[in-house]
Structure formats: C-alpha cells, structure tokens
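**Q** Contents are mmCIF, C-alpha atoms; file name data28.cif:
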```cif
data_final
#
loop_
_atom_site.group_PDB
_atom_site.id
_atom_site.type_symbol
_atom_site.label_atom_id
_atom_site.label_comp_id
_atom_site.auth_asym_id
_atom_site.auth_seq_id
_atom_site.Cartn_x
_atom_site.Cartn_y
_atom_site.Cartn_z
ATOM 1 C CA MET A 1 36.615 21.661 -73.025
ATOM 2 C CA ALA A 2 40.294 22.234 -73.720
ATOM 3 C CA GLN A 3 41.373 22.396 -77.344
ATOM 4 C CA PRO A 4 43.332 19.298 -78.401
ATOM 5 C CA GLU A 5 47.026 19.693 -79.059
ATOM 6 C CA ARG A 6 48.252 19.527 -82.630
ATOM 7 C CA SER A 7 51.671 17.971 -82.157
ATOM 8 C CA TYR A 8 51.885 14.546 -83.743
ATOM 9 C CA ASN A 9 51.897 11.138 -82.128
ATOM 10 C CA LYS A 10 54.886 8.948 -82.895
ATOM 11 C CA LYS A 11 52.495 6.084 -83.564
ATOM 12 C CA ARG A 12 51.363 5.779 -87.151
ATOM 13 C CA THR A 13 48.281 4.038 -88.456
ATOM 14 C CA ARG A 14 46.827 3.249 -91.852
ATOM 15 C CA CYS A 15 44.042 5.296 -93.370
ATOM 16 C CA GLN A 16 40.750 3.401 -93.460
ATOM 17 C CA GLU A 17 40.027 4.592 -97.004
ATOM 18 C CA CYS A 18 43.224 4.598 -99.068
ATOM 19 C CA ASN A 19 45.525 2.498 -96.848
ATOM 20 C CA ALA A 20 48.080 5.315 -96.720
ATOM 21 C CA ILE A 21 50.193 5.722 -93.599
ATOM 22 C CA TRP A 22 48.814 8.596 -91.542
ATOM 23 C CA ARG A 23 50.113 10.319 -88.434
ATOM 24 C CA PHE A 24 47.133 11.317 -86.327
ATOM 25 C CA ALA A 25 47.284 14.497 -84.284
ATOM 26 C CA GLN A 26 47.128 14.104 -80.552
ATOM 27 C CA GLY A 27 43.626 14.471 -79.130
ATOM 28 C CA VAL A 28 41.938 13.507 -82.404
ATOM 29 C CA ALA A 29 40.048 10.246 -82.746
ATOM 30 C CA LEU A 30 41.862 7.547 -84.707
ATOM 31 C CA SER A 31 38.635 6.692 -86.510
ATOM 32 C CA LEU A 32 38.890 9.737 -88.789
ATOM 33 C CA ARG A 33 38.735 8.725 -92.421
ATOM 34 C CA CYS A 34 40.830 9.764 -95.381
ATOM 35 C CA PHE A 35 39.152 11.588 -98.244
ATOM 36 C CA TRP A 36 41.636 11.333 -101.107
ATOM 37 C CA TYR A 37 40.589 12.969 -104.361
ATOM 38 C CA GLY A 38 43.465 11.934 -106.564
ATOM 39 C CA GLY A 39 46.097 14.670 -106.354
ATOM 40 C CA PRO A 40 49.755 14.053 -107.204
ATOM 41 C CA ARG A 41 51.416 11.488 -104.933
ATOM 42 C CA GLU A 42 54.625 13.468 -104.688
ATOM 43 C CA ILE A 43 52.907 16.084 -102.539
ATOM 44 C CA ARG A 44 53.836 15.481 -98.929
ATOM 45 C CA GLY A 45 51.031 14.180 -96.782
ATOM 46 C CA GLY A 46 49.896 11.682 -99.407
ATOM 47 C CA CYS A 47 46.233 11.305 -98.640
ATOM 48 C CA GLN A 48 43.924 14.090 -97.592
ATOM 49 C CA CYS A 49 43.064 12.912 -94.078
ATOM 50 C CA VAL A 50 42.055 16.117 -92.361
ATOM 51 C CA TYR A 51 41.205 16.687 -88.751
ATOM 52 C CA GLU A 52 38.261 19.063 -89.142
ATOM 53 C CA SER A 53 36.940 18.589 -85.671
ATOM 54 C CA ARG A 54 38.307 20.685 -82.871
ATOM 55 C CA ALA A 55 36.824 20.892 -79.405
ATOM 56 C CA LYS A 56 36.013 24.581 -79.741
ATOM 57 C CA PRO A 57 35.002 25.988 -76.366
ATOM 58 C CA GLY A 58 33.400 29.164 -77.706
ATOM 59 C CA GLY A 59 29.698 29.848 -78.047
ATOM 60 C CA ALA A 60 27.961 32.763 -79.731
ATOM 61 C CA ASN A 61 29.774 35.310 -77.529
ATOM 62 C CA SER A 62 33.149 33.821 -78.503
ATOM 63 C CA TYR A 63 32.144 34.075 -82.155
ATOM 64 C CA GLU A 64 31.460 37.781 -81.675
ATOM 65 C CA LYS A 65 35.060 38.213 -80.494
ATOM 66 C CA ASP A 66 36.582 36.072 -83.262
ATOM 67 C CA LEU A 67 34.503 37.590 -86.063
ATOM 68 C CA GLY A 68 34.079 41.144 -84.759
ATOM 69 C CA PHE A 69 30.418 40.598 -85.525
ATOM 70 C CA ALA A 70 27.281 39.514 -83.619
ATOM 71 C CA PRO A 71 25.593 36.611 -85.490
ATOM 72 C CA LEU A 72 22.308 36.789 -83.580
ATOM 73 C CA ASP A 73 21.959 40.543 -84.083
ATOM 74 C CA PHE A 74 22.506 40.069 -87.810
ATOM 75 C CA LEU A 75 19.845 37.349 -87.982
ATOM 76 C CA LYS A 76 17.371 39.467 -86.023
ATOM 77 C CA ARG A 77 17.848 42.348 -88.475
ATOM 78 C CA ARG A 78 17.247 39.976 -91.366
ATOM 79 C CA LEU A 79 14.150 38.555 -89.679
ATOM 80 C CA ALA A 80 12.631 42.033 -89.464
ATOM 81 C CA ASN A 81 12.348 42.033 -93.273
ATOM 82 C CA GLN A 82 11.554 38.386 -94.075
ATOM 83 C CA HIS A 83 9.622 35.398 -92.763
ATOM 84 C CA GLY A 84 12.535 33.231 -91.611
ATOM 85 C CA VAL A 85 16.312 33.113 -91.244
ATOM 86 C CA ALA A 86 18.925 30.345 -91.393
ATOM 87 C CA TRP A 87 22.481 30.031 -90.020
ATOM 88 C CA LEU A 88 24.988 27.328 -91.029
ATOM 89 C CA ASP A 89 28.136 26.831 -88.935
ATOM 90 C CA LEU A 90 30.769 24.712 -90.707
ATOM 91 C CA CYS A 91 33.439 22.901 -88.648
ATOM 92 C CA CYS A 92 31.241 23.687 -85.656
ATOM 93 C CA GLY A 93 33.196 21.594 -83.105
ATOM 94 C CA THR A 94 30.878 20.884 -80.187
ATOM 95 C CA GLY A 95 28.148 22.976 -81.836
ATOM 96 C CA ARG A 96 27.985 25.248 -78.824
ATOM 97 C CA ALA A 97 27.423 28.439 -80.832
ATOM 98 C CA VAL A 98 24.322 27.161 -82.635
ATOM 99 C CA ILE A 99 23.067 25.341 -79.512
ATOM 100 C CA GLU A 100 23.245 28.601 -77.554
ATOM 101 C CA ALA A 101 21.560 30.408 -80.437
ATOM 102 C CA ALA A 102 18.727 27.851 -80.390
ATOM 103 C CA GLU A 103 18.225 28.451 -76.660
ATOM 104 C CA THR A 104 18.079 32.199 -77.254
ATOM 105 C CA TRP A 105 15.552 31.920 -80.070
ATOM 106 C CA CYS A 106 13.383 29.421 -78.199
ATOM 107 C CA GLY A 107 13.408 31.637 -75.113
ATOM 108 C CA SER A 108 12.106 34.475 -77.275
ATOM 109 C CA GLY A 109 9.398 32.317 -78.809
ATOM 110 C CA LEU A 110 10.891 32.772 -82.289
ATOM 111 C CA ASP A 111 12.124 29.222 -82.869
ATOM 112 C CA GLY A 112 9.568 28.754 -85.650
ATOM 113 C CA SER A 113 11.265 31.528 -87.622
ATOM 114 C CA VAL A 114 14.864 30.286 -87.487
ATOM 115 C CA ARG A 115 16.810 27.351 -88.876
ATOM 116 C CA LEU A 116 20.197 26.521 -87.308
ATOM 117 C CA ALA A 117 22.628 23.925 -88.646
ATOM 118 C CA GLY A 118 26.116 22.792 -87.715
ATOM 119 C CA VAL A 119 28.451 20.352 -89.483
ATOM 120 C CA ASP A 120 31.617 18.719 -88.148
ATOM 121 C CA LEU A 121 33.502 15.537 -88.935
ATOM 122 C CA VAL A 122 33.494 14.045 -85.427
ATOM 123 C CA PRO A 123 30.215 14.037 -83.422
ATOM 124 C CA MET A 124 31.489 15.630 -80.215
ATOM 125 C CA PHE A 125 28.341 17.752 -80.044
ATOM 126 C CA GLY A 126 26.945 19.183 -76.841
ATOM 127 C CA SER A 127 23.586 18.064 -75.526
ATOM 128 C CA ILE A 128 20.467 19.511 -77.114
ATOM 129 C CA ARG A 129 17.346 20.038 -75.045
ATOM 130 C CA ALA A 130 14.152 18.363 -76.185
ATOM 131 C CA GLY A 131 11.924 20.457 -78.398
ATOM 132 C CA ARG A 132 14.730 22.309 -80.138
ATOM 133 C CA ASP A 133 13.451 21.381 -83.589
ATOM 134 C CA CYS A 134 14.888 24.517 -85.166
ATOM 135 C CA MET A 135 18.411 23.103 -85.208
ATOM 136 C CA ASP A 136 20.314 20.157 -86.610
ATOM 137 C CA LEU A 137 23.918 19.005 -86.035
ATOM 138 C CA ALA A 138 25.387 16.722 -88.697
ATOM 139 C CA ALA A 139 28.470 14.505 -88.350
ATOM 140 C CA ALA A 140 30.004 14.653 -91.828
ATOM 141 C CA SER A 141 33.013 15.893 -93.767
ATOM 142 C CA VAL A 142 32.266 19.506 -94.669
ATOM 143 C CA GLU A 143 33.966 18.907 -98.019
ATOM 144 C CA ARG A 144 31.503 16.157 -98.914
ATOM 145 C CA TRP A 145 28.427 17.507 -97.154
ATOM 146 C CA GLU A 146 25.788 18.906 -99.506
ATOM 147 C CA THR A 147 22.566 20.817 -99.037
ATOM 148 C CA THR A 148 19.813 22.367 -101.129
ATOM 149 C CA GLU A 149 19.058 24.917 -98.388
ATOM 150 C CA ARG A 150 19.987 28.573 -98.638
ATOM 151 C CA PHE A 151 21.325 30.436 -95.616
ATOM 152 C CA ASP A 152 21.344 34.019 -94.396
ATOM 153 C CA LEU A 153 24.593 33.428 -92.495
ATOM 154 C CA ILE A 154 27.418 30.915 -92.986
ATOM 155 C CA THR A 155 30.366 30.815 -90.592
ATOM 156 C CA CYS A 156 33.527 28.754 -90.329
ATOM 157 C CA VAL A 157 35.494 29.930 -87.288
ATOM 158 C CA HIS A 158 39.114 28.702 -87.426
ATOM 159 C CA GLY A 159 37.956 25.528 -89.179
ATOM 160 C CA LEU A 160 39.261 26.053 -92.707
ATOM 161 C CA HIS A 161 42.838 25.637 -91.432
ATOM 162 C CA TYR A 162 42.188 21.878 -91.095
ATOM 163 C CA ILE A 163 40.536 21.397 -94.505
ATOM 164 C CA GLY A 164 42.356 19.986 -97.521
ATOM 165 C CA ASP A 165 40.522 21.713 -100.366
ATOM 166 C CA LYS A 166 40.022 25.177 -98.889
ATOM 167 C CA LEU A 167 39.137 26.963 -102.124
ATOM 168 C CA GLY A 168 36.684 24.222 -103.034
ATOM 169 C CA LEU A 169 34.807 24.679 -99.755
ATOM 170 C CA ILE A 170 34.888 28.474 -100.085
ATOM 171 C CA GLN A 171 33.422 28.227 -103.574
ATOM 172 C CA LYS A 172 30.753 25.703 -102.615
ATOM 173 C CA ALA A 173 29.660 27.335 -99.364
ATOM 174 C CA SER A 174 29.368 30.790 -100.925
ATOM 175 C CA GLY A 175 26.829 29.290 -103.332
ATOM 176 C CA TRP A 176 24.599 28.322 -100.370
ATOM 177 C CA LEU A 177 23.960 31.941 -99.414
ATOM 178 C CA LYS A 178 20.657 33.690 -99.906
ATOM 179 C CA ASP A 179 20.678 36.991 -101.755
ATOM 180 C CA GLY A 180 21.942 39.521 -99.239
ATOM 181 C CA GLY A 181 23.334 36.771 -97.015
ATOM 182 C CA LEU A 182 26.755 36.794 -95.387
ATOM 183 C CA MET A 183 29.575 34.235 -95.242
ATOM 184 C CA MET A 184 32.541 34.642 -92.860
ATOM 185 C CA MET A 185 35.478 32.206 -92.750
ATOM 186 C CA HIS A 186 38.903 32.382 -91.135
ATOM 187 C CA VAL A 187 41.617 31.535 -93.629
ATOM 188 C CA ASP A 188 45.376 32.011 -93.851
ATOM 189 C CA TYR A 189 46.409 32.591 -97.465
ATOM 190 C CA ARG A 190 49.883 31.300 -96.590
ATOM 191 C CA ASN A 191 48.376 27.815 -96.164
ATOM 192 C CA MET A 192 47.473 27.707 -99.878
ATOM 193 C CA ARG A 193 50.113 27.088 -102.532
ATOM 194 C CA ILE A 194 50.051 27.419 -106.316
ATOM 195 C CA ARG A 195 52.183 24.854 -108.113
ATOM 196 C CA GLY A 196 55.277 26.400 -109.640
ATOM 197 C CA ARG A 197 55.230 29.560 -107.513
ATOM 198 C CA ALA A 198 57.479 30.374 -104.589
ATOM 199 C CA SER A 199 54.895 32.808 -103.198
ATOM 200 C CA SER A 200 51.170 32.276 -103.748
ATOM 201 C CA ALA A 201 49.259 34.340 -101.171
ATOM 202 C CA GLY A 202 49.175 37.541 -103.243
ATOM 203 C CA GLN A 203 47.787 35.848 -106.357
ATOM 204 C CA ILE A 204 45.184 33.868 -104.411
ATOM 205 C CA GLY A 205 44.063 37.024 -102.614
ATOM 206 C CA LYS A 206 43.797 38.901 -105.901
ATOM 207 C CA ASP A 207 41.719 36.145 -107.502
ATOM 208 C CA LEU A 208 39.379 35.960 -104.517
ATOM 209 C CA ARG A 209 38.852 39.742 -104.671
ATOM 210 C CA ARG A 210 38.061 39.489 -108.376
ATOM 211 C CA ALA A 211 35.522 36.783 -107.572
ATOM 212 C CA GLY A 212 33.734 39.118 -105.142
ATOM 213 C CA PHE A 213 35.257 38.154 -101.775
ATOM 214 C CA ARG A 214 36.630 40.605 -99.226
ATOM 215 C CA TYR A 215 39.506 39.876 -96.843
ATOM 216 C CA VAL A 216 40.140 41.430 -93.425
ATOM 217 C CA PRO A 217 43.862 40.701 -92.889
ATOM 218 C CA TRP A 218 44.138 41.570 -89.195
ATOM 219 C CA ARG A 219 41.412 39.002 -88.476
ATOM 220 C CA HIS A 220 42.416 36.564 -91.260
ATOM 221 C CA LEU A 221 38.746 36.707 -92.199
ATOM 222 C CA LEU A 222 37.294 36.067 -95.656
ATOM 223 C CA ILE A 223 33.876 37.620 -96.255
ATOM 224 C CA CYS A 224 31.307 37.095 -98.981
ATOM 225 C CA ASN A 225 28.244 39.342 -99.192
ATOM 226 C CA GLY A 226 25.437 37.663 -101.089
ATOM 227 C CA ARG A 227 25.427 34.501 -103.128
ATOM 228 C CA ASN A 228 28.637 34.152 -105.110
ATOM 229 C CA ARG A 229 28.298 33.193 -108.766
ATOM 230 C CA HIS A 230 31.899 33.848 -109.852
ATOM 231 C CA PRO A 231 33.941 30.673 -110.304
ATOM 232 C CA LEU A 232 37.518 30.451 -109.054
ATOM 233 C CA LEU A 233 40.436 29.608 -111.339
ATOM 234 C CA TYR A 234 42.027 26.694 -109.525
ATOM 235 C CA ARG A 235 42.388 22.937 -109.756
ATOM 236 C CA TYR A 236 42.896 21.190 -106.421
ATOM 237 C CA LEU A 237 45.992 18.947 -106.356
ATOM 238 C CA GLY A 238 46.328 17.683 -102.798
ATOM 239 C CA ALA A 239 47.277 18.602 -99.245
ATOM 240 C CA ASP A 240 50.174 18.454 -96.801
ATOM 241 C CA ASP A 241 49.400 17.682 -93.156
ATOM 242 C CA ARG A 242 52.953 18.506 -92.018
ATOM 243 C CA ALA A 243 52.970 22.232 -92.748
ATOM 244 C CA GLY A 244 53.309 23.124 -89.067
ATOM 245 C CA PRO A 245 51.520 25.851 -87.112
ATOM 246 C CA ASN A 246 49.947 28.915 -88.708
ATOM 247 C CA TYR A 247 48.971 32.203 -87.042
ATOM 248 C CA THR A 248 46.702 30.381 -84.558
ATOM 249 C CA GLY A 249 49.689 28.469 -83.144
ATOM 250 C CA GLN A 250 48.036 25.174 -84.153
ATOM 251 C CA ALA A 251 49.219 22.818 -86.887
ATOM 252 C CA ALA A 252 47.387 23.475 -90.145
ATOM 253 C CA ILE A 253 46.816 21.702 -93.453
ATOM 254 C CA GLU A 254 48.586 23.206 -96.463
ATOM 255 C CA SER A 255 46.595 23.033 -99.720
ATOM 256 C CA TYR A 256 48.101 22.786 -103.214
ATOM 257 C CA TYR A 257 46.512 24.099 -106.413
ATOM 258 C CA GLU A 258 47.123 24.639 -110.080
ATOM 259 C CA ARG A 259 45.906 27.938 -111.469
ATOM 260 C CA THR A 260 43.858 27.111 -114.555
ATOM 261 C CA GLY A 261 43.979 30.462 -116.362
ATOM 262 C CA SER A 262 43.512 34.206 -116.193
ATOM 263 C CA ARG A 263 39.938 34.213 -117.467
ATOM 264 C CA PRO A 264 36.872 32.909 -115.596
ATOM 265 C CA ALA A 265 36.810 29.111 -115.657
ATOM 266 C CA LEU A 266 35.010 26.459 -113.709
ATOM 267 C CA TYR A 267 36.546 25.321 -110.434
ATOM 268 C CA VAL A 268 37.611 21.711 -110.923
ATOM 269 C CA ARG A 269 38.932 18.921 -108.753
ATOM 270 C CA GLY A 270 42.007 16.987 -109.766
#
```
What would the structure in this file look like if it were written as structure tokens?

**A**
Amino acid sequence: MAQPERSYNKKRTRCQECNAIWRFAQGVALSLRCFWYGGPREIRGGCQCVYESRAKPGGANSYEKDLGFAPLDFLKRRLANQHGVAWLDLCCGTGRAVIEAAETWCGSGLDGSVRLAGVDLVPMFGSIRAGRDCMDLAAASVERWETTERFDLITCVHGLHYIGDKLGLIQKASGWLKDGGLMMMHVDYRNMRIRGRASSAGQIGKDLRRAGFRYVPWRHLLICNGRNRHPLLYRYLGADDRAGPNYTGQAAIESYYERTGSRPALYVRG
C-alpha cells in the first residue's frame, strides 16, 4: 500500500476532543482524535492531534534495512537462553512486520514461545490467519497505551516523527524492556525544541546519552540496551503540526519541552 502524502488539505475541521481547528493531512482519516495535555496555547499547532498511523508497506525484511538489524534473529538468540520472547512494535502501521513474524514462528512450531504485539492509532491492520494466538494488534494512541508486559524487543520504525510527546514515549517504552532487551526507535533530534534555546538538538542528545541511550546519527536511530531506569529532565509543553518535512521527506510533528534542571529529576507532563 502506498504511503499517504503529508501535504495538508485546505479543508479544516474541528478536533473531536478539544474543539480546536485542525488541518488533517491528506490520506489520514478525519476521525483521528486530539490528545491535548495542556501545553501553552501560544505554541503553533494548538492541540496535539497527531497522525501516528502511516500505511507502512514494509514487513520484517524492510525493518532489517531500516534498522540495520534482523529482529527475528535477535529473538531467536534470546530464545536459546530463556523460555519465551516478546516483541512490541509501536506505530506499527498495517502490522505487517509482526504478522510476518507470527507466520514465521508458527511455521517453525515455536508460536508457543513468542509474544508479538503491535500498536497504532488507526486500525488499518492486515489480515491475521486463524490460530495466530501469539500476536495481538491494538488500535490505540501509543502515548496513552499502557502495558504491564515486559519485552525483549521494542521497535518504532519512522513512527516517532508523528508523535507529540516524543521524549515521554521514549521514557515510557524503555521502561517496558526486559533486562538485556533492546529498544530501537527512529528519531530526528531537530524535531524536538527546548523553550528559550535557538538550537536544542545537541543538549537533547547529551541528556539522552547521560540517561543511557545510544544514537546512530546516519540512521537517525535511538537505541536502548536493557530496561532504562534513568529519568529524563524535561517537561512536555506541546507540539506543532506545521513543522514541515524532516529527513524522511514527510511532514513531521515538532515537540516543545522545558528542561527542568541539570540533575536527575522525574519526567513530568505539563
């Protein structure tokens, strides 16, 4: 399925949640809801309506190219040393990557040893064959979705660009990892702004490194090895949906933060 364009429709409509005027991107359902958390109204974009869902055409093989990493090989290595493994794909689009993974595991007779989950705002999921009980696809905002499960692998392939509170999701998702687990997310530091600073990417990158994250710049890939217990130093203020395209060539959401200090402090929402 072709990826929807990100240029904006001229038609405007009101958000179903906060009644703010919202310009929906072309190719995105007009039923998307606004999740406004109370940031300053002067920030452009007003509410935090975010178009998480993209019709991503790629399956597990596409993920290998985007991540430079083979998810199924990683899970198989983990399974050699433990009873079961779990993979969570955030902003999973059609869910093709985890659906293909389920087919692979079931074909090997190992479906009882694996748990696969995908989350995306709009339920444009591909069809799932009967008997694939090892997987679950949830239609929900990844920012509001919660789980008590722990995962060996968490991925978010080019999905964080369309999220309002990027650091909040990074912090939360890294806490869902098992010990020795791996989280990989594409993120462009230039789509995150610190209030009062002309340039923010360097400081945000430094703080993420201090918190235990690793960044691969040529892939725009943020990596966390093992469950992260180091809080970030930012208060989320709001988001701007009119930031324009980032390195992917698609329009992205720009996120605004206030840095709360130079010593470890709890991550807080505005």

**Q** For a quick check of understanding, using all atoms listed in the file, which of A:Arg229, A:Lys178, A:Lys206, A:Arg235 has the smallest distance to A:Arg78?

**A**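 That would be A:Lys178, the residue with the smallest distance to A:Arg78.
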
**Q** Given all atoms listed in the file as the basis, pick out the residue of A:Asp207, A:Ala102, A:Leu153, A:Thr148 nearest to A:Arg129.

**A**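 Going through A:Asp207, A:Ala102, A:Leu153, A:Thr148 one by one, the smallest distance to A:Arg129 is for A:Ala102.
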
**Q** By how many Å are atom CA of A:Arg132 and atom CA of A:Trp145 apart?

**A** 22.4 Å

**Q** Quick one: everything within 6 Å of stretch 249-254 of chain A, counting all atoms listed in the file, minus sequence neighbours fewer than 3 positions away in the same chain. Send it as a ChimeraX atom specification.

**A** /A:6,161-162,191-192,239-241,243-246

**Q** Can you pull out every residue within 7 Å of stretch 59-74 of chain A, counting all atoms listed in the file, but drop anything in the same chain fewer than 4 positions away, and send it as a list in words?

**A** Arg78, Arg96, Ala97, Glu100 and Ala101 of chain A
